[in-house]
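Visitor: Sharing target.cif below, mmCIF, C-alpha atoms:
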data_my_file
loop_
_atom_site.group_PDB
_atom_site.id
_atom_site.type_symbol
_atom_site.label_atom_id
_atom_site.label_comp_id
_atom_site.auth_asym_id
_atom_site.auth_seq_id
_atom_site.Cartn_x
_atom_site.Cartn_y
_atom_site.Cartn_z
ATOM 1 C CA MET V 869 -14.515 0.211 -36.045
ATOM 2 C CA THR V 870 -17.369 2.692 -36.462
ATOM 3 C CA THR V 871 -17.479 5.679 -34.192
ATOM 4 C CA HIS V 872 -20.997 6.091 -32.838
ATOM 5 C CA TYR V 873 -20.334 9.323 -31.042
ATOM 6 C CA LYS V 874 -17.598 11.938 -30.952
ATOM 7 C CA THR V 875 -17.299 15.222 -29.096
ATOM 8 C CA SER V 876 -14.457 17.708 -28.789
ATOM 9 C CA ILE V 877 -13.766 19.977 -25.793
ATOM 10 C CA LYS V 878 -11.401 22.948 -25.673
ATOM 11 C CA VAL V 879 -9.488 23.210 -22.390
ATOM 12 C CA ARG V 880 -8.165 26.429 -20.869
ATOM 13 C CA ASP V 881 -4.683 26.491 -19.328
ATOM 14 C CA ASP V 882 -5.996 26.036 -15.792
ATOM 15 C CA LEU V 883 -5.927 22.992 -13.507
ATOM 16 C CA SER V 884 -9.556 23.576 -12.504
ATOM 17 C CA GLU V 885 -10.479 22.517 -16.038
ATOM 18 C CA VAL V 886 -9.845 18.875 -15.094
ATOM 19 C CA ALA V 887 -13.016 18.740 -12.979
ATOM 20 C CA ARG V 888 -15.061 20.414 -15.727
ATOM 21 C CA VAL V 889 -13.927 17.919 -18.375
ATOM 22 C CA GLN V 890 -14.617 15.058 -15.940
ATOM 23 C CA GLU V 891 -18.158 16.403 -15.514
ATOM 24 C CA GLU V 892 -18.544 16.320 -19.292
ATOM 25 C CA LEU V 893 -17.424 12.701 -19.196
ATOM 26 C CA SER V 894 -19.906 11.898 -16.454
ATOM 27 C CA GLY V 895 -22.704 13.538 -18.456
ATOM 28 C CA LEU V 896 -21.784 11.536 -21.534
ATOM 29 C CA TRP V 897 -21.687 8.333 -19.491
ATOM 30 C CA ALA V 898 -25.184 8.928 -18.151
ATOM 31 C CA SER V 899 -26.752 10.164 -21.399
ATOM 32 C CA ARG V 900 -25.456 7.222 -23.432
ATOM 33 C CA SER V 901 -25.975 4.638 -20.664
ATOM 34 C CA LEU V 902 -22.360 3.462 -20.854
ATOM 35 C CA PRO V 903 -21.247 0.628 -18.517
ATOM 36 C CA PRO V 904 -21.009 2.037 -14.959
ATOM 37 C CA ASP V 905 -18.345 -0.522 -13.957
ATOM 38 C CA ILE V 906 -15.586 1.261 -15.859
ATOM 39 C CA GLU V 907 -16.618 4.915 -15.509
ATOM 40 C CA MET V 908 -14.396 5.670 -12.491
ATOM 41 C CA ASP V 909 -11.378 3.993 -14.120
ATOM 42 C CA VAL V 910 -11.818 6.134 -17.241
ATOM 43 C CA SER V 911 -12.363 9.264 -15.144
ATOM 44 C CA VAL V 912 -9.139 8.633 -13.203
ATOM 45 C CA ALA V 913 -7.194 8.124 -16.440
ATOM 46 C CA LEU V 914 -8.612 11.382 -17.785
ATOM 47 C CA GLU V 915 -7.576 13.265 -14.622
ATOM 48 C CA GLU V 916 -4.067 11.828 -14.825
ATOM 49 C CA VAL V 917 -3.478 12.598 -18.508
ATOM 50 C CA LEU V 918 -5.032 16.048 -18.474
ATOM 51 C CA SER V 919 -3.429 17.174 -15.203
ATOM 52 C CA ASN V 920 -0.078 15.891 -16.475
ATOM 53 C CA VAL V 921 -0.357 18.118 -19.552
ATOM 54 C CA LEU V 922 -1.589 21.110 -17.537
ATOM 55 C CA ARG V 923 1.161 20.785 -14.933
ATOM 56 C CA HIS V 924 4.162 19.702 -16.951
ATOM 57 C CA SER V 925 3.866 20.607 -20.616
ATOM 58 C CA VAL V 926 6.003 23.438 -21.862
ATOM 59 C CA VAL V 927 5.162 25.951 -24.556
ATOM 60 C CA GLU V 928 7.221 28.822 -25.858
ATOM 61 C CA GLY V 929 4.809 31.739 -26.010
ATOM 62 C CA GLY V 930 1.056 31.501 -26.543
ATOM 63 C CA SER V 931 -1.403 28.879 -25.375
ATOM 64 C CA ARG V 932 -0.911 25.130 -25.349
ATOM 65 C CA GLU V 933 -4.308 24.847 -27.058
ATOM 66 C CA ILE V 934 -5.292 21.738 -25.147
ATOM 67 C CA ARG V 935 -8.158 19.730 -26.569
ATOM 68 C CA VAL V 936 -9.939 16.593 -25.363
ATOM 69 C CA VAL V 937 -11.942 14.371 -27.705
ATOM 70 C CA PHE V 938 -14.282 11.599 -26.558
ATOM 71 C CA PHE V 939 -15.109 8.695 -28.888
ATOM 72 C CA VAL V 940 -17.672 5.951 -28.336
ATOM 73 C CA ASP V 941 -18.012 2.874 -30.525
ATOM 74 C CA ALA V 942 -19.739 -0.468 -30.052
ATOM 75 C CA ALA V 943 -16.787 -2.041 -28.256
ATOM 76 C CA GLY V 944 -15.454 0.699 -26.054
ATOM 77 C CA PHE V 945 -14.700 4.284 -25.117
ATOM 78 C CA GLU V 946 -11.679 6.376 -26.029
ATOM 79 C CA PHE V 947 -10.402 9.779 -25.136
ATOM 80 C CA GLU V 948 -7.605 11.709 -26.757
ATOM 81 C CA VAL V 949 -5.845 14.614 -25.071
ATOM 82 C CA SER V 950 -3.818 16.769 -27.450
ATOM 83 C CA ASP V 951 -1.731 19.880 -26.913
ATOM 84 C CA GLY V 952 0.515 22.215 -28.860
ATOM 85 C CA ALA V 953 3.358 22.182 -26.332
ATOM 86 C CA THR V 954 6.898 20.979 -27.060
ATOM 87 C CA PRO V 955 7.120 17.285 -28.010
ATOM 88 C CA TYR V 956 6.819 15.028 -24.980
ATOM 89 C CA ASP V 957 5.834 11.395 -24.690
ATOM 90 C CA PRO V 958 4.715 10.748 -21.095
ATOM 91 C CA LEU V 959 4.615 7.008 -21.806
ATOM 92 C CA SER V 960 8.400 7.033 -22.237
ATOM 93 C CA ARG V 961 8.849 7.496 -18.489
ATOM 94 C CA PRO V 962 10.004 4.391 -16.604
ATOM 95 C CA ASP V 963 7.428 2.770 -14.338
ATOM 96 C CA PRO V 964 7.784 3.344 -10.577
ATOM 97 C CA ASP V 965 8.623 0.294 -8.453
ATOM 98 C CA VAL V 966 5.323 -0.384 -6.651
ATOM 99 C CA SER V 967 6.770 -3.388 -4.799
ATOM 100 C CA LEU V 968 8.952 -1.254 -2.497
ATOM 101 C CA PRO V 969 8.207 -1.033 1.250
ATOM 102 C CA LEU V 970 6.395 2.072 2.492
ATOM 103 C CA SER V 971 9.588 3.723 3.780
ATOM 104 C CA GLN V 972 11.005 3.718 0.246
ATOM 105 C CA ARG V 973 7.866 4.691 -1.645
ATOM 106 C CA GLU V 974 7.477 8.121 -3.219
ATOM 107 C CA ALA V 975 4.134 9.923 -3.092
ATOM 108 C CA GLY V 976 4.435 11.132 -6.695
ATOM 109 C CA GLY V 977 5.102 9.620 -10.079
ATOM 110 C CA LEU V 978 2.117 7.271 -10.132
ATOM 111 C CA GLY V 979 -0.241 9.113 -12.513
ATOM 112 C CA ILE V 980 0.919 7.956 -15.932
ATOM 113 C CA TYR V 981 1.736 4.518 -14.531
ATOM 114 C CA LEU V 982 -1.891 4.285 -13.425
ATOM 115 C CA VAL V 983 -3.071 5.349 -16.894
ATOM 116 C CA ARG V 984 -1.052 2.526 -18.406
ATOM 117 C CA ARG V 985 -2.493 -0.005 -15.962
ATOM 118 C CA LEU V 986 -6.092 1.186 -16.376
ATOM 119 C CA ALA V 987 -6.017 1.172 -20.185
ATOM 120 C CA ASP V 988 -6.790 -1.608 -22.600
ATOM 121 C CA GLU V 989 -4.798 0.419 -25.138
ATOM 122 C CA VAL V 990 -2.789 3.593 -24.687
ATOM 123 C CA SER V 991 -0.576 5.341 -27.215
ATOM 124 C CA TYR V 992 1.326 8.554 -27.828
ATOM 125 C CA GLU V 993 1.817 10.222 -31.178
ATOM 126 C CA ARG V 994 3.373 13.498 -32.330
ATOM 127 C CA ARG V 995 1.203 14.622 -35.238
ATOM 128 C CA ASP V 996 0.638 17.951 -36.982
ATOM 129 C CA GLY V 997 2.901 19.714 -34.500
ATOM 130 C CA ARG V 998 0.882 18.473 -31.511
ATOM 131 C CA ASN V 999 1.178 15.811 -28.778
ATOM 132 C CA HIS V 1000 -1.661 13.249 -28.877
ATOM 133 C CA LEU V 1001 -2.228 10.833 -25.999
ATOM 134 C CA ARG V 1002 -4.963 8.302 -26.695
ATOM 135 C CA PHE V 1003 -6.554 6.063 -24.046
ATOM 136 C CA ARG V 1004 -8.953 3.226 -24.845
ATOM 137 C CA LYS V 1005 -11.096 1.172 -22.485
ATOM 138 C CA LEU V 1006 -13.164 -1.748 -23.747
ATOM 139 C CA PHE V 1007 -16.676 -2.255 -22.462
ATOM 140 C CA PRO V 1008 -17.020 -5.353 -20.251
ATOM 141 C CA ASP V 1009 -18.631 -8.375 -21.944
ATOM 142 C CA GLY V 1010 -22.391 -8.479 -21.717
ATOM 143 C CA MET U 1014 -14.798 15.026 -0.750
ATOM 144 C CA GLU U 1015 -16.471 15.012 2.633
ATOM 145 C CA THR U 1016 -14.661 13.668 5.697
ATOM 146 C CA LEU U 1017 -16.487 12.688 8.889
ATOM 147 C CA GLU U 1018 -14.369 12.065 11.960
ATOM 148 C CA GLU U 1019 -15.040 10.013 15.064
ATOM 149 C CA LYS U 1020 -12.967 8.722 17.955
ATOM 150 C CA ILE U 1021 -13.467 5.169 19.167
ATOM 151 C CA GLY U 1022 -11.264 4.460 22.209
ATOM 152 C CA ASP U 1023 -7.791 5.551 21.155
ATOM 153 C CA VAL U 1024 -8.535 5.046 17.456
ATOM 154 C CA LYS U 1025 -9.354 7.925 15.131
ATOM 155 C CA VAL U 1026 -11.765 6.974 12.342
ATOM 156 C CA LEU U 1027 -12.146 9.074 9.200
ATOM 157 C CA HIS U 1028 -15.108 8.283 6.998
ATOM 158 C CA LEU U 1029 -14.281 9.426 3.455
ATOM 159 C CA ARG U 1030 -17.174 10.205 1.144
ATOM 160 C CA GLY U 1031 -17.030 11.148 -2.541
ATOM 161 C CA ARG U 1032 -13.977 11.735 -4.720
ATOM 162 C CA LEU U 1033 -10.371 11.914 -3.560
ATOM 163 C CA ASP U 1034 -8.960 13.677 -6.615
ATOM 164 C CA LEU U 1035 -6.285 16.277 -7.294
ATOM 165 C CA ALA U 1036 -8.529 19.020 -5.908
ATOM 166 C CA ALA U 1037 -9.354 17.187 -2.667
ATOM 167 C CA ALA U 1038 -6.059 15.428 -1.926
ATOM 168 C CA PRO U 1039 -4.013 18.368 -0.501
ATOM 169 C CA GLU U 1040 -6.627 19.255 2.126
ATOM 170 C CA PHE U 1041 -7.123 15.610 3.071
ATOM 171 C CA GLU U 1042 -3.369 15.073 3.448
ATOM 172 C CA SER U 1043 -2.996 18.217 5.586
ATOM 173 C CA ARG U 1044 -5.832 17.120 7.841
ATOM 174 C CA VAL U 1045 -4.442 13.629 8.442
ATOM 175 C CA LYS U 1046 -0.935 14.973 9.010
ATOM 176 C CA ALA U 1047 -2.325 17.489 11.516
ATOM 177 C CA LEU U 1048 -4.035 14.628 13.352
ATOM 178 C CA ILE U 1049 -0.767 12.658 13.430
ATOM 179 C CA ALA U 1050 1.161 15.719 14.618
ATOM 180 C CA GLY U 1051 -1.495 16.146 17.313
ATOM 181 C CA GLY U 1052 -0.773 12.658 18.670
ATOM 182 C CA GLU U 1053 -3.166 10.386 16.780
ATOM 183 C CA ASN U 1054 -1.234 7.304 15.743
ATOM 184 C CA ARG U 1055 -3.941 4.702 15.216
ATOM 185 C CA ILE U 1056 -6.085 5.799 12.294
ATOM 186 C CA ILE U 1057 -8.746 3.984 10.297
ATOM 187 C CA LEU U 1058 -9.795 5.335 6.910
ATOM 188 C CA ASP U 1059 -13.295 4.041 6.272
ATOM 189 C CA CYS U 1060 -13.584 4.083 2.464
ATOM 190 C CA ARG U 1061 -16.974 2.453 1.949
ATOM 191 C CA ASP U 1062 -18.361 5.672 0.429
ATOM 192 C CA LEU U 1063 -15.187 6.668 -1.381
ATOM 193 C CA LYS U 1064 -16.171 6.196 -4.997
ATOM 194 C CA TYR U 1065 -13.077 7.595 -6.720
ATOM 195 C CA VAL U 1066 -9.361 7.811 -6.047
ATOM 196 C CA SER U 1067 -6.657 9.097 -8.401
ATOM 197 C CA SER U 1068 -2.868 9.144 -8.062
ATOM 198 C CA SER U 1069 -3.180 12.364 -6.025
ATOM 199 C CA GLY U 1070 -5.169 10.466 -3.393
ATOM 200 C CA ILE U 1071 -2.816 7.488 -3.514
ATOM 201 C CA GLY U 1072 0.121 9.856 -3.034
ATOM 202 C CA ALA U 1073 -1.618 11.398 -0.018
ATOM 203 C CA PHE U 1074 -2.117 7.928 1.524
ATOM 204 C CA ILE U 1075 1.579 7.094 1.021
ATOM 205 C CA SER U 1076 2.694 10.431 2.451
ATOM 206 C CA CYS U 1077 0.437 10.075 5.516
ATOM 207 C CA GLY U 1078 1.559 6.468 6.065
ATOM 208 C CA LYS U 1079 5.202 7.544 6.046
ATOM 209 C CA GLN U 1080 4.448 10.237 8.619
ATOM 210 C CA LEU U 1081 3.343 7.682 11.216
ATOM 211 C CA THR U 1082 5.935 6.321 13.605
ATOM 212 C CA ASN U 1083 6.665 2.611 13.821
ATOM 213 C CA SER U 1084 4.211 2.212 16.671
ATOM 214 C CA GLY U 1085 1.423 3.800 14.636
ATOM 215 C CA ALA U 1086 -1.028 2.239 12.215
ATOM 216 C CA LEU U 1087 -2.987 3.468 9.228
ATOM 217 C CA VAL U 1088 -5.656 0.910 8.365
ATOM 218 C CA PHE U 1089 -8.110 1.008 5.455
ATOM 219 C CA ALA U 1090 -11.621 -0.416 5.536
ATOM 220 C CA GLY U 1091 -14.457 -1.038 3.097
ATOM 221 C CA LEU U 1092 -12.755 -0.419 -0.239
ATOM 222 C CA THR U 1093 -15.140 -0.223 -3.196
ATOM 223 C CA HIS U 1094 -14.287 -2.245 -6.295
ATOM 224 C CA HIS U 1095 -12.726 0.737 -8.093
ATOM 225 C CA VAL U 1096 -10.653 1.849 -5.090
ATOM 226 C CA GLN U 1097 -9.506 -1.724 -4.423
ATOM 227 C CA SER U 1098 -8.275 -2.077 -8.005
ATOM 228 C CA VAL U 1099 -6.370 1.235 -7.847
ATOM 229 C CA PHE U 1100 -4.809 0.073 -4.545
ATOM 230 C CA GLU U 1101 -3.696 -3.180 -6.201
ATOM 231 C CA MET U 1102 -2.262 -1.421 -9.269
ATOM 232 C CA THR U 1103 -0.250 1.042 -7.180
ATOM 233 C CA GLY U 1104 1.012 -1.523 -4.669
ATOM 234 C CA LEU U 1105 -0.902 -0.115 -1.680
ATOM 235 C CA THR U 1106 -2.315 -3.537 -0.857
ATOM 236 C CA ARG U 1107 1.285 -4.586 -0.080
ATOM 237 C CA ILE U 1108 2.087 -1.747 2.294
ATOM 238 C CA PHE U 1109 -1.154 -1.098 4.190
ATOM 239 C CA THR U 1110 -3.516 -3.242 6.217
ATOM 240 C CA ILE U 1111 -6.894 -3.447 4.488
ATOM 241 C CA CYS U 1112 -10.001 -4.763 6.230
ATOM 242 C CA GLN U 1113 -13.494 -5.536 4.973
ATOM 243 C CA THR U 1114 -15.282 -3.194 7.383
ATOM 244 C CA LYS U 1115 -14.579 -0.516 9.965
ATOM 245 C CA GLU U 1116 -15.510 -3.014 12.691
ATOM 246 C CA ASP U 1117 -12.943 -5.508 11.342
ATOM 247 C CA ALA U 1118 -10.342 -2.744 11.334
ATOM 248 C CA LEU U 1119 -11.143 -1.829 14.946
ATOM 249 C CA ARG U 1120 -10.831 -5.473 16.006
ATOM 250 C CA ARG U 1121 -7.542 -5.718 14.128
ATOM 251 C CA LEU U 1122 -6.098 -2.673 15.889
ATOM 252 C CA GLU U 1123 -7.352 -3.938 19.235
ATOM 253 C CA SER U 1124 -5.670 -7.317 18.807
ATOM 254 C CA ASP U 1125 -2.452 -5.662 17.552
ATOM 255 C CA GLY U 1126 -2.518 -3.381 20.578
ATOM 256 C CA ASN U 1127 -2.816 -6.341 22.957
ATOM 257 C CA SER U 1128 -0.039 -8.384 21.384
#
Give the structure from this file in C-alpha cells form.

Guide:
Amino acid sequence: MTTHYKTSIKVRDDLSEVARVQEELSGLWASRSLPPDIEMDVSVALEEVLSNVLRHSVVEGGSREIRVVFFVDAAGFEFEVSDGATPYDPLSRPDPDVSLPLSQREAGGLGIYLVRRLADEVSYERRDGRNHLRFRKLFPDG
Amino acid sequence: METLEEKIGDVKVLHLRGRLDLAAAPEFESRVKALIAGGENRIILDCRDLKYVSSSGIGAFISCGKQLTNSGALVFAGLTHHVQSVFEMTGLTRIFTICQTKEDALRRLESDGNS
C-alpha cells in the first residue's frame, strides 16, 4: 500500500479542537476530490475518537500531546489519533445493546461503538509510550 | 446547526439544518425538552437538511424520546443516507417512527391520533 498523501495535525487540550480538525478533514476531502459518499461517516468517526481522547484520557502532569494524522492511498482513507496519556484501549469497551426498547436505552456510550461500525478497519496500539487509534475507510468501488 | 420551528395543528415541527455534533447537541436537546415541558407532545423532526449526526446527536434524540409521555410521539422525517445509516447502526430505527417526508409524518400522527 503506497501512501499518496499524509498530513499531521497537533491538537490542543480543548474540546473546540474537534471542529477545527474536522474542518481540516473537509478541506482535504475537497482538495483531493475524495468520494463524497463516505465523508460524513469519516467525519463522525473522527469526532468520536478525538472527543473521547479529549474528554476521557488521563495524564499525570503536562500535556497529552494529542496528534491526528491523515493518510490517503489509492484504496482508502485513514486517520490516526495518538496521545501521550495513560494506556487506554477504547476498543476494549463492551458494545452497548442497541436492541433495547427506548425506556431502557442510555443516551451515552455510543461513540466508540459507532466508530467500530463505521470503520472498514479499526485498531488500537500502545507504541512508543503513546496510545494510537487507527481508523480506515475504503473508498467505494468505482 | 440551525433549527426552524413551525406548528401545524397540534404538531410541532422542527426543521434541522446542518450538523448535529457535540457542539450543537446540548442546545438542541435543551430546546426540545423545553418544548416538551411546555406541553408539546407530538413532535416531528424534519431531517431532510440534516447532513451530519454523531453519537452526541443520537444521544440527544434518545434523551428527548424518553422525556415524552406514553401519549406523546417523536417522529423523524426525511433522513439523508448518512443519517439513516447512523440511525440503523445505533438502533434508532427500532425505537422511533421514521417517515419519508414531513407530510407522511403528519399523516401518520393524524391517523394515530384518530385511532

Visitor: Using only C-alpha atoms, find each residue of chain U with at least one atom at most 6 Å away from an atom of chain V; report its shortest atom-to-atom pair and that distance in Å (one decimal), sort the rows by chain and rising residue number, and return the result as a Markdown table.

Guide:
| residue | atom | partner | partner_atom | distance |
| --- | --- | --- | --- | --- |
| U:Ser1067 | CA | V:Val912 | CA | 5.4 |
| U:Ser1068 | CA | V:Gly979 | CA | 5.2 |
| U:Gly1072 | CA | V:Ala975 | CA | 4.0 |
| U:Ile1075 | CA | V:Ala975 | CA | 5.6 |
| U:Ser1076 | CA | V:Ala975 | CA | 5.7 |
| U:Thr1103 | CA | V:Val966 | CA | 5.8 |
| U:Gly1104 | CA | V:Val966 | CA | 4.9 |
| U:Ile1108 | CA | V:Leu970 | CA | 5.8 |

Visitor: Starting from the displayed file, determine the output of the PyMOL selection byres ((chain U and resi 1046-1061) around 10) and express the residue list as a ChimeraX atom specification.

Guide: /U:1016-1020,1023-1031,1040-1045,1062-1065,1073-1074,1076-1078,1080-1094,1096-1097,1110-1116,1118-1119,1122,1126

Visitor: Deliver the residues from the most recent selection as a file, using C-alpha atoms, as a compact mmCIF listing (two decimals), in the frame of the given file.

Guide:
# COMPACT_ATOMS: atom_id res chain seq x y z
CA THR U 1016 -14.66 13.67 5.70
CA LEU U 1017 -16.49 12.69 8.89
CA GLU U 1018 -14.37 12.06 11.96
CA GLU U 1019 -15.04 10.01 15.06
CA LYS U 1020 -12.97 8.72 17.95
CA ASP U 1023 -7.79 5.55 21.16
CA VAL U 1024 -8.54 5.05 17.46
CA LYS U 1025 -9.35 7.92 15.13
CA VAL U 1026 -11.76 6.97 12.34
CA LEU U 1027 -12.15 9.07 9.20
CA HIS U 1028 -15.11 8.28 7.00
CA LEU U 1029 -14.28 9.43 3.46
CA ARG U 1030 -17.17 10.20 1.14
CA GLY U 1031 -17.03 11.15 -2.54
CA GLU U 1040 -6.63 19.26 2.13
CA PHE U 1041 -7.12 15.61 3.07
CA GLU U 1042 -3.37 15.07 3.45
CA SER U 1043 -3.00 18.22 5.59
CA ARG U 1044 -5.83 17.12 7.84
CA VAL U 1045 -4.44 13.63 8.44
CA ASP U 1062 -18.36 5.67 0.43
CA LEU U 1063 -15.19 6.67 -1.38
CA LYS U 1064 -16.17 6.20 -5.00
CA TYR U 1065 -13.08 7.60 -6.72
CA ALA U 1073 -1.62 11.40 -0.02
CA PHE U 1074 -2.12 7.93 1.52
CA SER U 1076 2.69 10.43 2.45
CA CYS U 1077 0.44 10.07 5.52
CA GLY U 1078 1.56 6.47 6.06
CA GLN U 1080 4.45 10.24 8.62
CA LEU U 1081 3.34 7.68 11.22
CA THR U 1082 5.94 6.32 13.60
CA ASN U 1083 6.66 2.61 13.82
CA SER U 1084 4.21 2.21 16.67
CA GLY U 1085 1.42 3.80 14.64
CA ALA U 1086 -1.03 2.24 12.22
CA LEU U 1087 -2.99 3.47 9.23
CA VAL U 1088 -5.66 0.91 8.36
CA PHE U 1089 -8.11 1.01 5.46
CA ALA U 1090 -11.62 -0.42 5.54
CA GLY U 1091 -14.46 -1.04 3.10
CA LEU U 1092 -12.76 -0.42 -0.24
CA THR U 1093 -15.14 -0.22 -3.20
CA HIS U 1094 -14.29 -2.24 -6.30
CA VAL U 1096 -10.65 1.85 -5.09
CA GLN U 1097 -9.51 -1.72 -4.42
CA THR U 1110 -3.52 -3.24 6.22
CA ILE U 1111 -6.89 -3.45 4.49
CA CYS U 1112 -10.00 -4.76 6.23
CA GLN U 1113 -13.49 -5.54 4.97
CA THR U 1114 -15.28 -3.19 7.38
CA LYS U 1115 -14.58 -0.52 9.96
CA GLU U 1116 -15.51 -3.01 12.69
CA ALA U 1118 -10.34 -2.74 11.33
CA LEU U 1119 -11.14 -1.83 14.95
CA LEU U 1122 -6.10 -2.67 15.89
CA GLY U 1126 -2.52 -3.38 20.58

Visitor: Apply the PyMOL selection byres ((chain V and resi 937) around 9) to the structure shown and report the selected residues as number ranges by chain.

Guide: V: 874-878, 935-936, 938-939, 946-950

Visitor: One decimal, Å: what's the distance from CA of Ser925 in chain V over to CA of Asp951 in chain V, could you say?

Guide: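 Here the two named atoms are 8.5 Å from each other.
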
Visitor: CA of Glu885 in chain V to CA of Leu918 in chain V: how many Å, to one decimal?

Guide: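 These two atoms are separated by 8.8 Å.
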
Visitor: Would you be able to write out as a list in words which residues have an atom within 12 Å of (-15.1, 1.1, -27.7) in the file's coordinates, counting all atoms listed in the file?

Guide: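 Residues with an atom at most 12 Å from (-15.1, 1.1, -27.7): Met869, Thr870, Thr871, His872, Tyr873, Lys874, Leu902, Pro903, Ile906, Phe938, Phe939, Val940, Asp941, Ala942, Ala943, Gly944, Phe945, Glu946, Phe947, Ala987, Asp988, Glu989, Phe1003, Arg1004, Lys1005, Leu1006, Phe1007, Pro1008 and Asp1009 of chain V.
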
Visitor: Using only C-alpha atoms, please write the residues we just selected to a file, as a CSV table (one decimal), keeping the file's coordinate frame.

Guide:
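Here's the written file out30.csv:
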chain,number,residue,atom,x,y,z
V,869,MET,CA,-14.5,0.2,-36.0
V,870,THR,CA,-17.4,2.7,-36.5
V,871,THR,CA,-17.5,5.7,-34.2
V,872,HIS,CA,-21.0,6.1,-32.8
V,873,TYR,CA,-20.3,9.3,-31.0
V,874,LYS,CA,-17.6,11.9,-31.0
V,902,LEU,CA,-22.4,3.5,-20.9
V,903,PRO,CA,-21.2,0.6,-18.5
V,906,ILE,CA,-15.6,1.3,-15.9
V,938,PHE,CA,-14.3,11.6,-26.6
V,939,PHE,CA,-15.1,8.7,-28.9
V,940,VAL,CA,-17.7,6.0,-28.3
V,941,ASP,CA,-18.0,2.9,-30.5
V,942,ALA,CA,-19.7,-0.5,-30.1
V,943,ALA,CA,-16.8,-2.0,-28.3
V,944,GLY,CA,-15.5,0.7,-26.1
V,945,PHE,CA,-14.7,4.3,-25.1
V,946,GLU,CA,-11.7,6.4,-26.0
V,947,PHE,CA,-10.4,9.8,-25.1
V,987,ALA,CA,-6.0,1.2,-20.2
V,988,ASP,CA,-6.8,-1.6,-22.6
V,989,GLU,CA,-4.8,0.4,-25.1
V,1003,PHE,CA,-6.6,6.1,-24.0
V,1004,ARG,CA,-9.0,3.2,-24.8
V,1005,LYS,CA,-11.1,1.2,-22.5
V,1006,LEU,CA,-13.2,-1.7,-23.7
V,1007,PHE,CA,-16.7,-2.3,-22.5
V,1008,PRO,CA,-17.0,-5.4,-20.3
V,1009,ASP,CA,-18.6,-8.4,-21.9

Visitor: So, counting all atoms listed in the file, which residue among U:Arg1032, U:Arg1107, U:Arg1120, U:Lys1079 is closest to Met1014 in chain U?

Guide: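 Checking each candidate against Met1014 in chain U, we get U:Arg1032 as the closest.
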
Visitor: Just give me the residues with any atom within 7 Å of (-5.4, 11.6, -7.6), file coordinates, counting only C-alpha atoms, written as number ranges by chain.

Guide: U: 1033-1035, 1038, 1066-1071

Visitor: Quick one: pull the distance between CA of Glu892 in chain V and CA of Gly929 in chain V, Å, one decimal.

Guide: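 These atoms are spaced 28.8 Å apart.
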